[in-house]
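Please read the structure below before turning to the comments.
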Amino acid sequence: SIRSFAVAGPTLAQPFETLQLVGTFAASPTLRFLAPRDVLACEPAAFLITFAARFPFKKLDVVKIYLGGFTGVPSSVESTFLDARFYESKDLPTGEAGPQLWLTVNHPLGLARDEVATARVSGLGVPCHGIRTPQALVRISTASAAGPVLSVALSS
């Protein structure tokens, strides 16, 4: 609610008519290589993306992973409770940076608050300029109705 103690006269507390929900990911979302000693810039590798949201995901909510600098098309993407779809830059709407991995919640009950979700990606080319922590071009976001989260960097 909101109220005022203005010089011209106070007002009683009034409830907000609408609220804009804002979400956040619990602990930093991460990208970890499965065999870090074998990773070479510009070469295909396997990695795991892990995240949890501080709000429940509903069925059909989408989490977007921006994989700036990565090249090629993954040989496989595996995830539980999430349908994965990979988009190259040419497949995205104008103005959208690519490539991107879209993870759509497919479980009928969605994902509970703080439930850890993972996606294993294999065969995507590692950025030729390398990866730093946090990597500005590797980001995560969601437009979930329960709490949209603007794009934030993944840690590695």
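How things are named: the first chain in the structure tokens is A, the next is B, and so on; residues count from 1 in each chain; ligands count from 1 in the order shown.
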Check your understanding: If we count only C-alpha atoms, what is near Trp102 (chain A) at a cut-off of 10 Å, once residues fewer than 3 positions away on the same chain are taken out, given as a list of chain:residue names?
Key ->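 The residues that qualify are A:Val62, A:Val63, A:Lys64, A:Ile65, A:Tyr66, A:Leu82, A:Asp83, A:Ala84, A:Arg85, A:Phe86, A:Tyr87, A:Pro99, A:Val105, A:Ile140, A:Ser141, A:Thr142.
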Practice item. Skip region 117-120 of chain A itself and residues of its chain fewer than 2 positions away, then list as a VMD selection string all residues within 10 Å of it, counting only C-alpha atoms. Key: chain A and resid 29 to 34 46 to 53 76 to 84 101 103 105 111 114 to 115 122
Review point. What residues in region 11-156 of chain A get the DSSP label strand (DSSP E)? Please answer as a ChimeraX atom specification.
Key: /A:11-14,30-33,44-51,62-67,76-79,82-87,100-105,117-125,135-142,149-154
Exercise for review: List every residue of region 10-154 of chain A that DSSP, applied to the backbone of this structure, assigns to helix (DSSP H, G or I), and report them as a PyMOL selection string.
Suggested key: chain A and resi 36-38+89-91
Go ahead and save the residues from that selection, with N, CA and C atoms, as a PDB file, in the first residue's frame.
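Produced file result_20.pdb, reproduced below:
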```
ATOM      1  N   PRO A  36      36.882 -30.091 -18.104  1.00  0.00           N
ATOM      2  CA  PRO A  36      37.537 -28.787 -18.279  1.00  0.00           C
ATOM      3  C   PRO A  36      38.967 -28.860 -18.807  1.00  0.00           C
ATOM      4  N   ARG A  37      39.697 -29.907 -18.486  1.00  0.00           N
ATOM      5  CA  ARG A  37      41.089 -30.012 -18.948  1.00  0.00           C
ATOM      6  C   ARG A  37      41.179 -30.268 -20.448  1.00  0.00           C
ATOM      7  N   ASP A  38      40.086 -30.746 -21.025  1.00  0.00           N
ATOM      8  CA  ASP A  38      40.089 -31.065 -22.454  1.00  0.00           C
ATOM      9  C   ASP A  38      39.496 -29.953 -23.322  1.00  0.00           C
ATOM     10  N   SER A  89      21.741 -17.764 -34.733  1.00  0.00           N
ATOM     11  CA  SER A  89      21.405 -16.348 -34.923  1.00  0.00           C
ATOM     12  C   SER A  89      20.433 -16.143 -36.081  1.00  0.00           C
ATOM     13  N   LYS A  90      20.638 -16.874 -37.178  1.00  0.00           N
ATOM     14  CA  LYS A  90      19.787 -16.700 -38.364  1.00  0.00           C
ATOM     15  C   LYS A  90      18.346 -17.136 -38.132  1.00  0.00           C
ATOM     16  N   ASP A  91      18.096 -17.952 -37.084  1.00  0.00           N
ATOM     17  CA  ASP A  91      16.751 -18.453 -36.804  1.00  0.00           C
ATOM     18  C   ASP A  91      15.985 -17.575 -35.817  1.00  0.00           C
TER      19      ASP A  91
END
```
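Atom pair CA of Ala97 (chain A) / CA of Ala112 (chain A) has a distance of 29.2 Å (rounded to one decimal).
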**Study point:** Contacts of Lys59 (chain A) at 7 Å (only C-alpha atoms; same-chain gap of 3+ positions) as a PyMOL selection string
**Key:** chain A and resi 105-110
Practice item. Identify which of the residues A:Ala145, A:Leu67, A:Ala136, A:Leu92 lies closest to Gly23 (chain A), counting only C-alpha atoms when measuring atom-to-atom distances. Key: A:Ala145
Can I get the residues of region 53-93 of chain A within 6 Å of region 125-128 of chain A, each with the closest pair of atoms and their distance in Å to one decimal, using only C-alpha atoms, sorted chain first then ascending number, as JSON lines?
```
{"residue": "A:Gly69", "atom": "CA", "partner": "A:Pro127", "partner_atom": "CA", "distance": 4.6}
{"residue": "A:Phe70", "atom": "CA", "partner": "A:Pro127", "partner_atom": "CA", "distance": 4.7}
{"residue": "A:Thr71", "atom": "CA", "partner": "A:Gly125", "partner_atom": "CA", "distance": 4.6}
{"residue": "A:Gly72", "atom": "CA", "partner": "A:Gly125", "partner_atom": "CA", "distance": 5.9}
```
Just the selected residues (N, CA, C and O atoms), exported as a CSV table (one decimal), in the first residue's frame, please.
```csv
chain,number,residue,atom,x,y,z
A,69,GLY,N,29.2,-16.1,-28.7
A,69,GLY,CA,30.6,-16.5,-29.0
A,69,GLY,C,30.6,-18.0,-29.3
A,69,GLY,O,31.6,-18.5,-29.9
A,70,PHE,N,29.7,-18.8,-28.8
A,70,PHE,CA,29.7,-20.2,-29.1
A,70,PHE,C,29.3,-20.4,-30.6
A,70,PHE,O,28.7,-19.6,-31.2
A,71,THR,N,29.9,-21.5,-31.2
A,71,THR,CA,29.7,-21.7,-32.6
A,71,THR,C,29.1,-23.1,-32.9
A,71,THR,O,29.3,-24.0,-32.2
A,72,GLY,N,28.5,-23.2,-34.1
A,72,GLY,CA,28.0,-24.5,-34.6
A,72,GLY,C,26.7,-24.8,-34.0
A,72,GLY,O,26.0,-23.9,-33.5
```
Write out as an mmCIF file with C-alpha atoms, in the first residue's frame each polymer residue whose atoms come within 6 Å of Arg113 (chain A), counting only C-alpha atoms; drop sequence neighbours fewer than 6 positions from it.
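Now in out-v6.cif:
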```
data_model
loop_
_atom_site.group_PDB
_atom_site.id
_atom_site.type_symbol
_atom_site.label_atom_id
_atom_site.label_comp_id
_atom_site.auth_asym_id
_atom_site.auth_seq_id
_atom_site.Cartn_x
_atom_site.Cartn_y
_atom_site.Cartn_z
ATOM 1 C CA ARG A 54 13.403 -17.962 -6.403
ATOM 2 C CA PHE A 55 9.848 -18.443 -7.701
ATOM 3 C CA PRO A 56 7.929 -21.412 -9.143
#
```
